[in-house]
>>> print(open('work04.pdb').read())   # PDB, C-alpha atoms, pLDDT in the B column
ATOM      1  CA  GLU K   1      11.400  -2.878 -13.279  1.00 96.00           C
ATOM      2  CA  VAL K   2      13.107   0.101 -14.907  1.00 98.00           C
ATOM      3  CA  GLN K   3      15.981  -0.942 -17.147  1.00 98.00           C
ATOM      4  CA  LEU K   4      18.354   1.069 -19.275  1.00 98.00           C
ATOM      5  CA  VAL K   5      20.791  -0.814 -21.502  1.00 98.00           C
ATOM      6  CA  GLU K   6      23.464   1.035 -23.444  1.00 98.00           C
ATOM      7  CA  SER K   7      25.245  -0.258 -26.516  1.00 98.00           C
ATOM      8  CA  GLY K   8      27.443   0.985 -29.319  1.00 98.00           C
ATOM      9  CA  GLY K   9      30.672   1.793 -27.517  1.00 97.00           C
ATOM     10  CA  GLY K  10      34.054   0.764 -28.820  1.00 98.00           C
ATOM     11  CA  LEU K  11      37.435   1.892 -30.090  1.00 98.00           C
ATOM     12  CA  VAL K  12      37.448   4.720 -32.604  1.00 98.00           C
ATOM     13  CA  GLN K  13      40.182   6.858 -34.114  1.00 98.00           C
ATOM     14  CA  PRO K  14      40.407  10.580 -33.408  1.00 98.00           C
ATOM     15  CA  GLY K  15      38.045  12.431 -35.722  1.00 98.00           C
ATOM     16  CA  GLY K  16      35.843   9.377 -36.076  1.00 98.00           C
ATOM     17  CA  SER K  17      32.184   8.839 -35.323  1.00 98.00           C
ATOM     18  CA  LEU K  18      30.131   6.549 -33.127  1.00 98.00           C
ATOM     19  CA  ARG K  19      26.460   6.119 -32.309  1.00 98.00           C
ATOM     20  CA  LEU K  20      25.447   5.099 -28.822  1.00 98.00           C
ATOM     21  CA  SER K  21      22.041   3.631 -28.102  1.00 98.00           C
ATOM     22  CA  CYS K  22      20.065   3.120 -24.921  1.00 98.00           C
ATOM     23  CA  ALA K  23      17.155   0.685 -24.798  1.00 98.00           C
ATOM     24  CA  ALA K  24      14.624   1.531 -22.108  1.00 98.00           C
ATOM     25  CA  SER K  25      12.021  -0.706 -20.522  1.00 98.00           C
ATOM     26  CA  GLY K  26       9.816  -0.900 -17.453  1.00 98.00           C
ATOM     27  CA  PHE K  27       8.402   2.631 -17.658  1.00 98.00           C
ATOM     28  CA  THR K  28       6.561   4.988 -19.997  1.00 98.00           C
ATOM     29  CA  PHE K  29       9.634   6.207 -21.876  1.00 98.00           C
ATOM     30  CA  GLY K  30       7.902   9.086 -23.631  1.00 98.00           C
ATOM     31  CA  SER K  31       6.985  10.715 -20.313  1.00 98.00           C
ATOM     32  CA  TYR K  32      10.516  11.339 -19.061  1.00 98.00           C
ATOM     33  CA  TRP K  33      13.501  13.545 -19.722  1.00 98.00           C
ATOM     34  CA  MET K  34      16.512  11.446 -20.649  1.00 98.00           C
ATOM     35  CA  GLY K  35      20.196  12.200 -20.519  1.00 98.00           C
ATOM     36  CA  TRP K  36      23.738  11.037 -21.115  1.00 98.00           C
ATOM     37  CA  VAL K  37      26.439  11.334 -18.469  1.00 98.00           C
ATOM     38  CA  ARG K  38      30.053  10.285 -18.991  1.00 98.00           C
ATOM     39  CA  GLN K  39      32.945   9.324 -16.786  1.00 98.00           C
ATOM     40  CA  ALA K  40      36.530   9.411 -18.004  1.00 98.00           C
ATOM     41  CA  PRO K  41      38.781   6.658 -16.611  1.00 97.00           C
ATOM     42  CA  GLY K  42      39.428   7.300 -12.935  1.00 97.00           C
ATOM     43  CA  LYS K  43      37.581  10.630 -13.015  1.00 98.00           C
ATOM     44  CA  GLY K  44      34.290  12.080 -11.855  1.00 98.00           C
ATOM     45  CA  LEU K  45      30.920  12.402 -13.532  1.00 98.00           C
ATOM     46  CA  GLU K  46      30.295  14.841 -16.382  1.00 98.00           C
ATOM     47  CA  TRP K  47      26.877  15.597 -17.797  1.00 98.00           C
ATOM     48  CA  VAL K  48      26.809  15.444 -21.604  1.00 98.00           C
ATOM     49  CA  ALA K  49      23.287  16.037 -22.896  1.00 98.00           C
ATOM     50  CA  ASN K  50      19.576  16.003 -22.043  1.00 98.00           C
ATOM     51  CA  ILE K  51      16.438  15.740 -24.143  1.00 98.00           C
ATOM     52  CA  LYS K  52      12.860  16.627 -23.302  1.00 98.00           C
ATOM     53  CA  PRO K  53      10.178  13.899 -23.253  1.00 98.00           C
ATOM     54  CA  ASP K  54       8.813  14.876 -26.658  1.00 97.00           C
ATOM     55  CA  GLY K  55      12.265  15.525 -28.114  1.00 96.00           C
ATOM     56  CA  SER K  56      11.451  19.190 -28.770  1.00 97.00           C
ATOM     57  CA  GLU K  57      14.408  20.563 -26.810  1.00 98.00           C
ATOM     58  CA  LYS K  58      17.953  19.365 -26.390  1.00 98.00           C
ATOM     59  CA  PHE K  59      20.739  20.634 -24.154  1.00 98.00           C
ATOM     60  CA  TYR K  60      24.472  19.981 -24.324  1.00 98.00           C
ATOM     61  CA  VAL K  61      27.629  20.645 -22.373  1.00 98.00           C
ATOM     62  CA  ASP K  62      29.743  23.188 -24.261  1.00 98.00           C
ATOM     63  CA  SER K  63      32.568  20.734 -24.992  1.00 98.00           C
ATOM     64  CA  VAL K  64      30.329  18.569 -27.217  1.00 98.00           C
ATOM     65  CA  LYS K  65      28.125  21.204 -28.855  1.00 98.00           C
ATOM     66  CA  GLY K  66      28.247  20.909 -32.623  1.00 98.00           C
ATOM     67  CA  ARG K  67      29.788  17.433 -32.431  1.00 98.00           C
ATOM     68  CA  PHE K  68      27.253  15.318 -30.494  1.00 98.00           C
ATOM     69  CA  THR K  69      23.520  14.961 -31.116  1.00 98.00           C
ATOM     70  CA  ILE K  70      21.060  13.461 -28.677  1.00 98.00           C
ATOM     71  CA  SER K  71      17.817  12.016 -30.033  1.00 98.00           C
ATOM     72  CA  ARG K  72      15.026   9.687 -29.023  1.00 98.00           C
ATOM     73  CA  ASP K  73      12.444   7.411 -30.580  1.00 98.00           C
ATOM     74  CA  ASN K  74       9.508   7.189 -28.207  1.00 98.00           C
ATOM     75  CA  ALA K  75       7.821   4.555 -30.357  1.00 98.00           C
ATOM     76  CA  LYS K  76      10.831   2.291 -29.839  1.00 98.00           C
ATOM     77  CA  ASP K  77      11.672   3.330 -26.248  1.00 98.00           C
ATOM     78  CA  SER K  78      15.125   4.246 -27.420  1.00 98.00           C
ATOM     79  CA  LEU K  79      17.634   7.027 -26.743  1.00 98.00           C
ATOM     80  CA  SER K  80      20.649   7.740 -28.952  1.00 98.00           C
ATOM     81  CA  LEU K  81      23.799   9.810 -28.928  1.00 98.00           C
ATOM     82  CA  ASP K  82      25.502  10.488 -32.264  1.00 98.00           C
ATOM     83  CA  MET K  83      29.108  11.446 -31.700  1.00 98.00           C
ATOM     84  CA  ASN K  84      31.205  13.007 -34.461  1.00 98.00           C
ATOM     85  CA  GLY K  85      34.656  14.542 -34.500  1.00 98.00           C
ATOM     86  CA  LEU K  86      35.680  12.400 -31.557  1.00 98.00           C
ATOM     87  CA  ARG K  87      38.704  13.455 -29.512  1.00 98.00           C
ATOM     88  CA  ALA K  88      40.906  11.670 -27.037  1.00 98.00           C
ATOM     89  CA  GLU K  89      39.223  13.619 -24.236  1.00 98.00           C
ATOM     90  CA  ASP K  90      35.883  12.025 -25.160  1.00 98.00           C
ATOM     91  CA  THR K  91      37.210   8.680 -23.927  1.00 98.00           C
ATOM     92  CA  ALA K  92      34.860   7.633 -21.138  1.00 98.00           C
ATOM     93  CA  ILE K  93      32.128   5.335 -19.981  1.00 98.00           C
ATOM     94  CA  TYR K  94      28.858   6.792 -21.258  1.00 98.00           C
ATOM     95  CA  TYR K  95      25.798   6.286 -19.089  1.00 98.00           C
ATOM     96  CA  CYS K  96      22.198   6.677 -20.143  1.00 98.00           C
ATOM     97  CA  ALA K  97      20.029   8.011 -17.310  1.00 98.00           C
ATOM     98  CA  ARG K  98      16.385   8.864 -16.698  1.00 98.00           C
ATOM     99  CA  GLY K  99      15.528  12.322 -15.467  1.00 98.00           C
ATOM    100  CA  HIS K 100      12.923  12.825 -12.770  1.00 94.00           C
ATOM    101  CA  GLU K 101      12.294  15.581 -10.218  1.00 95.00           C
ATOM    102  CA  GLY K 102      15.551  17.300 -11.116  1.00 95.00           C
ATOM    103  CA  ALA K 103      17.676  14.196 -10.647  1.00 97.00           C
ATOM    104  CA  PHE K 104      18.816  11.141 -12.582  1.00 98.00           C
ATOM    105  CA  ASP K 105      16.926   8.355 -10.872  1.00 98.00           C
ATOM    106  CA  TYR K 106      17.852   5.334 -12.973  1.00 98.00           C
ATOM    107  CA  TRP K 107      21.134   4.632 -14.742  1.00 98.00           C
ATOM    108  CA  GLY K 108      22.325   2.047 -17.207  1.00 98.00           C
ATOM    109  CA  GLN K 109      25.489   0.027 -16.761  1.00 98.00           C
ATOM    110  CA  GLY K 110      27.333   2.209 -19.250  1.00 98.00           C
ATOM    111  CA  THR K 111      29.203   1.662 -22.504  1.00 98.00           C
ATOM    112  CA  LEU K 112      32.908   2.411 -22.952  1.00 98.00           C
ATOM    113  CA  VAL K 113      34.068   4.711 -25.708  1.00 98.00           C
ATOM    114  CA  THR K 114      37.805   4.800 -26.384  1.00 98.00           C
ATOM    115  CA  VAL K 115      39.202   7.379 -28.783  1.00 98.00           C
ATOM    116  CA  SER K 116      42.736   6.453 -29.788  1.00 97.00           C
ATOM    117  CA  SER K 117      44.897   5.905 -32.832  1.00 96.00           C
TER
ATOM    118  CA  ASP N   1      28.105  27.508 -15.017  1.00 97.00           C
ATOM    119  CA  ILE N   2      27.277  26.532 -11.442  1.00 98.00           C
ATOM    120  CA  VAL N   3      30.345  25.132  -9.707  1.00 98.00           C
ATOM    121  CA  MET N   4      29.770  22.407  -7.128  1.00 98.00           C
ATOM    122  CA  THR N   5      32.451  22.000  -4.461  1.00 98.00           C
ATOM    123  CA  GLN N   6      32.506  18.991  -2.155  1.00 98.00           C
ATOM    124  CA  THR N   7      34.389  18.574   1.107  1.00 97.00           C
ATOM    125  CA  PRO N   8      36.139  16.484   2.126  1.00 97.00           C
ATOM    126  CA  LEU N   9      37.433  14.717  -0.987  1.00 97.00           C
ATOM    127  CA  SER N  10      38.273  11.676   1.086  1.00 96.00           C
ATOM    128  CA  SER N  11      36.632  10.471   4.280  1.00 93.00           C
ATOM    129  CA  PRO N  12      37.992   7.531   6.279  1.00 95.00           C
ATOM    130  CA  VAL N  13      35.269   6.353   8.660  1.00 96.00           C
ATOM    131  CA  THR N  14      34.987   3.636  11.284  1.00 96.00           C
ATOM    132  CA  LEU N  15      32.195   1.121  10.775  1.00 97.00           C
ATOM    133  CA  GLY N  16      29.142   2.074  12.789  1.00 97.00           C
ATOM    134  CA  GLN N  17      30.220   5.712  13.067  1.00 97.00           C
ATOM    135  CA  PRO N  18      28.554   8.654  11.316  1.00 97.00           C
ATOM    136  CA  ALA N  19      29.851  10.343   8.189  1.00 97.00           C
ATOM    137  CA  SER N  20      29.092  13.707   6.678  1.00 98.00           C
ATOM    138  CA  ILE N  21      29.817  15.197   3.256  1.00 98.00           C
ATOM    139  CA  SER N  22      29.342  18.845   2.368  1.00 98.00           C
ATOM    140  CA  CYS N  23      28.504  20.334  -0.989  1.00 98.00           C
ATOM    141  CA  ARG N  24      28.570  24.025  -1.775  1.00 98.00           C
ATOM    142  CA  SER N  25      27.259  25.596  -4.979  1.00 98.00           C
ATOM    143  CA  SER N  26      28.558  28.820  -6.522  1.00 98.00           C
ATOM    144  CA  GLN N  27      25.025  30.210  -6.629  1.00 97.00           C
ATOM    145  CA  SER N  28      21.677  29.403  -5.074  1.00 96.00           C
ATOM    146  CA  LEU N  29      20.085  26.210  -6.378  1.00 96.00           C
ATOM    147  CA  GLU N  30      16.530  27.360  -5.681  1.00 95.00           C
ATOM    148  CA  HIS N  31      14.638  27.232  -8.956  1.00 95.00           C
ATOM    149  CA  ARG N  32      12.002  29.817  -9.852  1.00 95.00           C
ATOM    150  CA  ASP N  33       9.426  27.037  -9.415  1.00 93.00           C
ATOM    151  CA  GLY N  34      10.283  26.933  -5.704  1.00 92.00           C
ATOM    152  CA  ASP N  35      12.096  23.594  -5.685  1.00 95.00           C
ATOM    153  CA  THR N  36      15.811  23.155  -5.094  1.00 97.00           C
ATOM    154  CA  TYR N  37      17.315  20.636  -7.479  1.00 97.00           C
ATOM    155  CA  LEU N  38      20.205  19.256  -5.471  1.00 98.00           C
ATOM    156  CA  SER N  39      20.704  15.500  -5.469  1.00 98.00           C
ATOM    157  CA  TRP N  40      23.209  13.012  -4.073  1.00 98.00           C
ATOM    158  CA  LEU N  41      24.488   9.914  -5.825  1.00 98.00           C
ATOM    159  CA  GLN N  42      26.569   6.982  -4.666  1.00 98.00           C
ATOM    160  CA  GLN N  43      28.952   5.099  -6.913  1.00 98.00           C
ATOM    161  CA  ARG N  44      30.242   1.833  -5.562  1.00 98.00           C
ATOM    162  CA  PRO N  45      33.452   0.428  -7.069  1.00 96.00           C
ATOM    163  CA  GLY N  46      32.836  -0.861 -10.585  1.00 96.00           C
ATOM    164  CA  GLN N  47      29.188   0.151 -10.560  1.00 98.00           C
ATOM    165  CA  PRO N  48      27.155   2.903 -12.229  1.00 98.00           C
ATOM    166  CA  PRO N  49      25.996   5.784 -10.054  1.00 98.00           C
ATOM    167  CA  ARG N  50      22.892   5.274  -7.932  1.00 98.00           C
ATOM    168  CA  LEU N  51      20.512   8.003  -6.788  1.00 98.00           C
ATOM    169  CA  LEU N  52      20.285   8.388  -3.015  1.00 98.00           C
ATOM    170  CA  ILE N  53      18.635  11.746  -2.369  1.00 98.00           C
ATOM    171  CA  TYR N  54      16.866  14.308  -4.552  1.00 98.00           C
ATOM    172  CA  LYS N  55      15.479  17.805  -3.948  1.00 98.00           C
ATOM    173  CA  ILE N  56      17.873  18.206  -1.006  1.00 98.00           C
ATOM    174  CA  SER N  57      16.315  15.699   1.354  1.00 98.00           C
ATOM    175  CA  THR N  58      13.952  13.227  -0.331  1.00 98.00           C
ATOM    176  CA  ARG N  59      15.269   9.693  -0.140  1.00 98.00           C
ATOM    177  CA  PHE N  60      14.902   7.706  -3.348  1.00 98.00           C
ATOM    178  CA  SER N  61      13.050   4.398  -3.359  1.00 97.00           C
ATOM    179  CA  GLY N  62      14.925   1.632  -1.548  1.00 97.00           C
ATOM    180  CA  VAL N  63      17.549   3.901   0.014  1.00 98.00           C
ATOM    181  CA  PRO N  64      18.183   3.055   3.684  1.00 98.00           C
ATOM    182  CA  ASP N  65      17.056   5.654   6.205  1.00 97.00           C
ATOM    183  CA  ARG N  66      20.588   5.983   7.567  1.00 98.00           C
ATOM    184  CA  PHE N  67      21.124   8.324   4.595  1.00 98.00           C
ATOM    185  CA  SER N  68      19.780  11.836   4.984  1.00 98.00           C
ATOM    186  CA  GLY N  69      20.169  15.130   3.154  1.00 98.00           C
ATOM    187  CA  SER N  70      19.797  18.684   4.356  1.00 98.00           C
ATOM    188  CA  GLY N  71      20.620  22.250   3.446  1.00 98.00           C
ATOM    189  CA  ALA N  72      19.323  25.208   1.501  1.00 97.00           C
ATOM    190  CA  GLY N  73      20.471  27.858  -0.940  1.00 94.00           C
ATOM    191  CA  THR N  74      24.124  27.096  -1.574  1.00 97.00           C
ATOM    192  CA  ASP N  75      25.085  24.750   1.276  1.00 98.00           C
ATOM    193  CA  PHE N  76      24.069  21.121   1.456  1.00 98.00           C
ATOM    194  CA  THR N  77      25.013  18.063   3.484  1.00 98.00           C
ATOM    195  CA  LEU N  78      24.714  14.317   3.083  1.00 98.00           C
ATOM    196  CA  LYS N  79      24.838  12.374   6.340  1.00 98.00           C
ATOM    197  CA  ILE N  80      25.174   8.686   6.986  1.00 98.00           C
ATOM    198  CA  SER N  81      24.098   7.953  10.540  1.00 98.00           C
ATOM    199  CA  ARG N  82      26.028   4.690  10.924  1.00 98.00           C
ATOM    200  CA  VAL N  83      28.413   3.677   8.168  1.00 98.00           C
ATOM    201  CA  GLU N  84      28.212   0.107   6.898  1.00 97.00           C
ATOM    202  CA  ALA N  85      30.730  -1.759   4.754  1.00 97.00           C
ATOM    203  CA  GLU N  86      28.459  -1.509   1.697  1.00 97.00           C
ATOM    204  CA  ASP N  87      28.617   2.305   1.871  1.00 98.00           C
ATOM    205  CA  VAL N  88      32.190   2.338   0.549  1.00 98.00           C
ATOM    206  CA  GLY N  89      32.407   4.258  -2.702  1.00 98.00           C
ATOM    207  CA  VAL N  90      32.374   7.757  -4.139  1.00 98.00           C
ATOM    208  CA  TYR N  91      29.578  10.202  -3.407  1.00 98.00           C
ATOM    209  CA  TYR N  92      28.606  13.028  -5.737  1.00 98.00           C
ATOM    210  CA  CYS N  93      26.319  15.999  -5.379  1.00 98.00           C
ATOM    211  CA  MET N  94      24.613  17.255  -8.519  1.00 98.00           C
ATOM    212  CA  GLN N  95      22.684  20.385  -9.410  1.00 98.00           C
ATOM    213  CA  ALA N  96      19.934  20.488 -12.011  1.00 98.00           C
ATOM    214  CA  LYS N  97      18.684  24.008 -11.417  1.00 97.00           C
ATOM    215  CA  GLU N  98      20.001  25.023 -14.807  1.00 97.00           C
ATOM    216  CA  PHE N  99      21.987  23.723 -17.748  1.00 98.00           C
ATOM    217  CA  PRO N 100      24.729  22.688 -17.844  1.00 98.00           C
ATOM    218  CA  ILE N 101      23.971  20.182 -15.118  1.00 98.00           C
ATOM    219  CA  THR N 102      27.066  19.971 -12.924  1.00 98.00           C
ATOM    220  CA  PHE N 103      28.488  17.552 -10.392  1.00 98.00           C
ATOM    221  CA  GLY N 104      30.795  17.914  -7.429  1.00 98.00           C
ATOM    222  CA  GLN N 105      34.262  16.382  -7.700  1.00 98.00           C
ATOM    223  CA  GLY N 106      33.230  13.385  -5.631  1.00 98.00           C
ATOM    224  CA  THR N 107      34.029  12.320  -2.072  1.00 98.00           C
ATOM    225  CA  ARG N 108      35.625   8.924  -1.522  1.00 98.00           C
ATOM    226  CA  LEU N 109      34.252   7.163   1.545  1.00 98.00           C
ATOM    227  CA  GLU N 110      36.513   4.470   2.891  1.00 97.00           C
ATOM    228  CA  ILE N 111      36.616   2.362   6.010  1.00 94.00           C
ATOM    229  CA  LYS N 112      39.412   2.970   8.494  1.00 92.00           C
TER
END
>>> encode(input="work04.pdb", output="structure tokens")
Amino acid sequence: EVQLVESGGGLVQPGGSLRLSCAASGFTFGSYWMGWVRQAPGKGLEWVANIKPDGSEKFYVDSVKGRFTISRDNAKDSLSLDMNGLRAEDTAIYYCARGHEGAFDYWGQGTLVTVSS
Amino acid sequence: DIVMTQTPLSSPVTLGQPASISCRSSQSLEHRDGDTYLSWLQQRPGQPPRLLIYKISTRFSGVPDRFSGSGAGTDFTLKISRVEAEDVGVYYCMQAKEFPITFGQGTRLEIK
């Protein structure tokens, strides 16, 4: 059974940093694109970042470029999102998702990031 | 960026009746590899999104056959043949033809 479990969310002050993690199981992690998608309270879905199976290429939405870094450790079946320079508008539930056939086929339960003083 | 526009934004439906959601993209979603990367997701209240349909019309594993997808180019449709109570939630279309990946605004399906 495919499972994705996010962790690392919490309350952080504006300008602060946070590292999100996603533990994957039930599939060959190193064979799949992975991504992060966020959802601000009461709002729709917003794609944040994707990473290729071997980690050689990374893609970001413009609003997080230069502040967020996606990475993966295929030996540990783990995906990460390092978030720096956090802003109030980054407040959201962050979902880890597996990419397949041009879609996100499995999603974690999400981890809440709140940026507030 | 490719803009995804869904209509309607809210859809009250009677149980057992059909429902239809449209999604229009600002440019063709046909990739140079020949596939069209348009998918549909369902988000039930308090739950993470769940994949229903990918590449326009392929149902994901475990998705009931009352859900179907169609379309081409820039115009796509998700249809539910007979709405059930468990179908309540928000439905999103998503394009992955190019980065940034973008979603529609979401369509809220509710029971009349």
>>> closest_atom_pairs(input="work04.pdb", of="chain K", to="chain N", cutoff="10 Å", atoms="only C-alpha atoms", output="CSV")
residue,atom,partner,partner_atom,distance
K:Val37,CA,N:Ile101,CA,9.8
K:Gln39,CA,N:Pro48,CA,9.8
K:Lys43,CA,N:Gln105,CA,8.5
K:Gly44,CA,N:Gln105,CA,6.0
K:Leu45,CA,N:Phe103,CA,6.5
K:Glu46,CA,N:Phe103,CA,6.8
K:Trp47,CA,N:Ile101,CA,6.1
K:Val48,CA,N:Pro100,CA,8.4
K:Ala49,CA,N:Pro100,CA,8.5
K:Asn50,CA,N:Phe99,CA,9.2
K:Phe59,CA,N:Phe99,CA,7.2
K:Tyr60,CA,N:Pro100,CA,7.0
K:Val61,CA,N:Pro100,CA,5.8
K:Asp62,CA,N:Pro100,CA,8.2
K:Ile93,CA,N:Pro48,CA,9.5
K:Tyr94,CA,N:Pro48,CA,10.0
K:Tyr95,CA,N:Pro48,CA,7.8
K:Ala97,CA,N:Pro49,CA,9.7
K:Gly99,CA,N:Ala96,CA,9.9
K:His100,CA,N:Tyr54,CA,9.2
K:Glu101,CA,N:Lys55,CA,7.4
K:Gly102,CA,N:Tyr37,CA,5.2
K:Ala103,CA,N:Ser39,CA,6.1
K:Phe104,CA,N:Leu51,CA,6.8
K:Asp105,CA,N:Leu51,CA,5.4
K:Tyr106,CA,N:Arg50,CA,7.1
K:Trp107,CA,N:Pro48,CA,6.7
K:Gly108,CA,N:Pro48,CA,7.0
K:Gln109,CA,N:Pro48,CA,5.6
K:Gly110,CA,N:Pro48,CA,7.1
>>> closest_residue(input="work04.pdb", among="N:Pro45, N:Pro64, N:Pro8, N:Gly34", to="N:Val83", atoms="all atoms listed in the file")
N:Pro64
>>> resolve_selection(input="work04.pdb", expression="the PyMOL selection byres ((chain N and resi 2) around 6)", output="ChimeraX atom specification")
/N:1,3,26
>>> resolve_selection(input="work04.pdb", expression="the PyMOL selection byres ((chain K and resi 74-78) around 8)", output="mmCIF file with C-alpha atoms, in the coordinates of the input")
data_model
loop_
_atom_site.group_PDB
_atom_site.id
_atom_site.type_symbol
_atom_site.label_atom_id
_atom_site.label_comp_id
_atom_site.auth_asym_id
_atom_site.auth_seq_id
_atom_site.Cartn_x
_atom_site.Cartn_y
_atom_site.Cartn_z
ATOM 1 C CA SER K 21 22.041 3.631 -28.102
ATOM 2 C CA CYS K 22 20.065 3.120 -24.921
ATOM 3 C CA ALA K 23 17.155 0.685 -24.798
ATOM 4 C CA ALA K 24 14.624 1.531 -22.108
ATOM 5 C CA SER K 25 12.021 -0.706 -20.522
ATOM 6 C CA PHE K 29 9.634 6.207 -21.876
ATOM 7 C CA GLY K 30 7.902 9.086 -23.631
ATOM 8 C CA ASP K 54 8.813 14.876 -26.658
ATOM 9 C CA ARG K 72 15.026 9.687 -29.023
ATOM 10 C CA ASP K 73 12.444 7.411 -30.580
ATOM 11 C CA LEU K 79 17.634 7.027 -26.743
ATOM 12 C CA SER K 80 20.649 7.740 -28.952
#
>>> atom_distance(input="work04.pdb", atom1="atom CA of K:Leu81", atom2="atom CA of K:Val5")
13.3 Å
>>> resolve_selection(input="work04.pdb", expression="the PyMOL selection byres ((chain K and resi 88) around 12)", output="VMD selection string")
chain K and resid 11 to 16 40 to 41 85 to 87 89 to 92 113 to 117
>>> closest_residue(input="work04.pdb", among="N:Ile111, N:Gln6, N:Gly89, N:Gly62", to="N:Ser22", atoms="only C-alpha atoms")
N:Gln6
>>> axis_aligned_box(input="work04.pdb", around="stretch 91-101 of chain N", padding_each_side="4 Å", output="AutoDock Vina command-line options")
--center_x 24.1 --center_y 17.6 --center_z -10.6 --size_x 18.9 --size_y 22.8 --size_z 22.4
>>> atom_distance(input="work04.pdb", atom1="atom CA of N:Ser28", atom2="atom CA of N:Gly71")
11.2 Å
>>> atom_distance(input="work04.pdb", atom1="atom CA of K:Gly35", atom2="atom CA of K:Phe68")
12.6 Å
>>> build_atoms(input="work04.pdb", residues="stretch 60-74 of chain N", atoms="N, CA and C atoms", output="PDB file, in the frame of the given file")
ATOM      1  N   PHE N  60      15.425   8.455  -2.218  1.00 98.00           N
ATOM      2  CA  PHE N  60      14.902   7.706  -3.348  1.00 98.00           C
ATOM      3  C   PHE N  60      14.449   6.331  -2.883  1.00 98.00           C
ATOM      4  N   SER N  61      13.602   5.710  -3.671  1.00 97.00           N
ATOM      5  CA  SER N  61      13.050   4.398  -3.359  1.00 97.00           C
ATOM      6  C   SER N  61      14.148   3.383  -3.033  1.00 97.00           C
ATOM      7  N   GLY N  62      13.993   2.693  -1.914  1.00 97.00           N
ATOM      8  CA  GLY N  62      14.925   1.632  -1.548  1.00 97.00           C
ATOM      9  C   GLY N  62      16.179   2.092  -0.831  1.00 97.00           C
ATOM     10  N   VAL N  63      16.349   3.385  -0.657  1.00 98.00           N
ATOM     11  CA  VAL N  63      17.549   3.901   0.014  1.00 98.00           C
ATOM     12  C   VAL N  63      17.357   3.808   1.534  1.00 98.00           C
ATOM     13  N   PRO N  64      18.323   3.211   2.230  1.00 98.00           N
ATOM     14  CA  PRO N  64      18.183   3.055   3.684  1.00 98.00           C
ATOM     15  C   PRO N  64      18.034   4.397   4.399  1.00 98.00           C
ATOM     16  N   ASP N  65      17.302   4.385   5.514  1.00 97.00           N
ATOM     17  CA  ASP N  65      17.056   5.654   6.205  1.00 97.00           C
ATOM     18  C   ASP N  65      18.256   6.151   7.000  1.00 97.00           C
ATOM     19  N   ARG N  66      19.371   5.438   6.945  1.00 98.00           N
ATOM     20  CA  ARG N  66      20.588   5.983   7.567  1.00 98.00           C
ATOM     21  C   ARG N  66      21.195   7.102   6.702  1.00 98.00           C
ATOM     22  N   PHE N  67      20.704   7.228   5.461  1.00 98.00           N
ATOM     23  CA  PHE N  67      21.124   8.324   4.595  1.00 98.00           C
ATOM     24  C   PHE N  67      20.125   9.474   4.736  1.00 98.00           C
ATOM     25  N   SER N  68      20.662  10.681   4.917  1.00 98.00           N
ATOM     26  CA  SER N  68      19.780  11.836   4.984  1.00 98.00           C
ATOM     27  C   SER N  68      20.462  13.028   4.342  1.00 98.00           C
ATOM     28  N   GLY N  69      19.642  13.932   3.788  1.00 98.00           N
ATOM     29  CA  GLY N  69      20.169  15.130   3.154  1.00 98.00           C
ATOM     30  C   GLY N  69      19.535  16.360   3.773  1.00 98.00           C
ATOM     31  N   SER N  70      20.306  17.430   3.801  1.00 98.00           N
ATOM     32  CA  SER N  70      19.797  18.684   4.356  1.00 98.00           C
ATOM     33  C   SER N  70      20.480  19.849   3.664  1.00 98.00           C
ATOM     34  N   GLY N  71      19.998  21.051   3.993  1.00 98.00           N
ATOM     35  CA  GLY N  71      20.620  22.250   3.446  1.00 98.00           C
ATOM     36  C   GLY N  71      19.626  23.150   2.746  1.00 98.00           C
ATOM     37  N   ALA N  72      20.140  24.245   2.222  1.00 97.00           N
ATOM     38  CA  ALA N  72      19.323  25.208   1.501  1.00 97.00           C
ATOM     39  C   ALA N  72      20.247  26.190   0.794  1.00 97.00           C
ATOM     40  N   GLY N  73      19.704  26.820  -0.261  1.00 94.00           N
ATOM     41  CA  GLY N  73      20.471  27.858  -0.940  1.00 94.00           C
ATOM     42  C   GLY N  73      21.708  27.344  -1.642  1.00 94.00           C
ATOM     43  N   THR N  74      22.847  27.498  -0.974  1.00 97.00           N
ATOM     44  CA  THR N  74      24.124  27.096  -1.574  1.00 97.00           C
ATOM     45  C   THR N  74      24.878  26.053  -0.758  1.00 97.00           C
TER      46      THR N  74
END
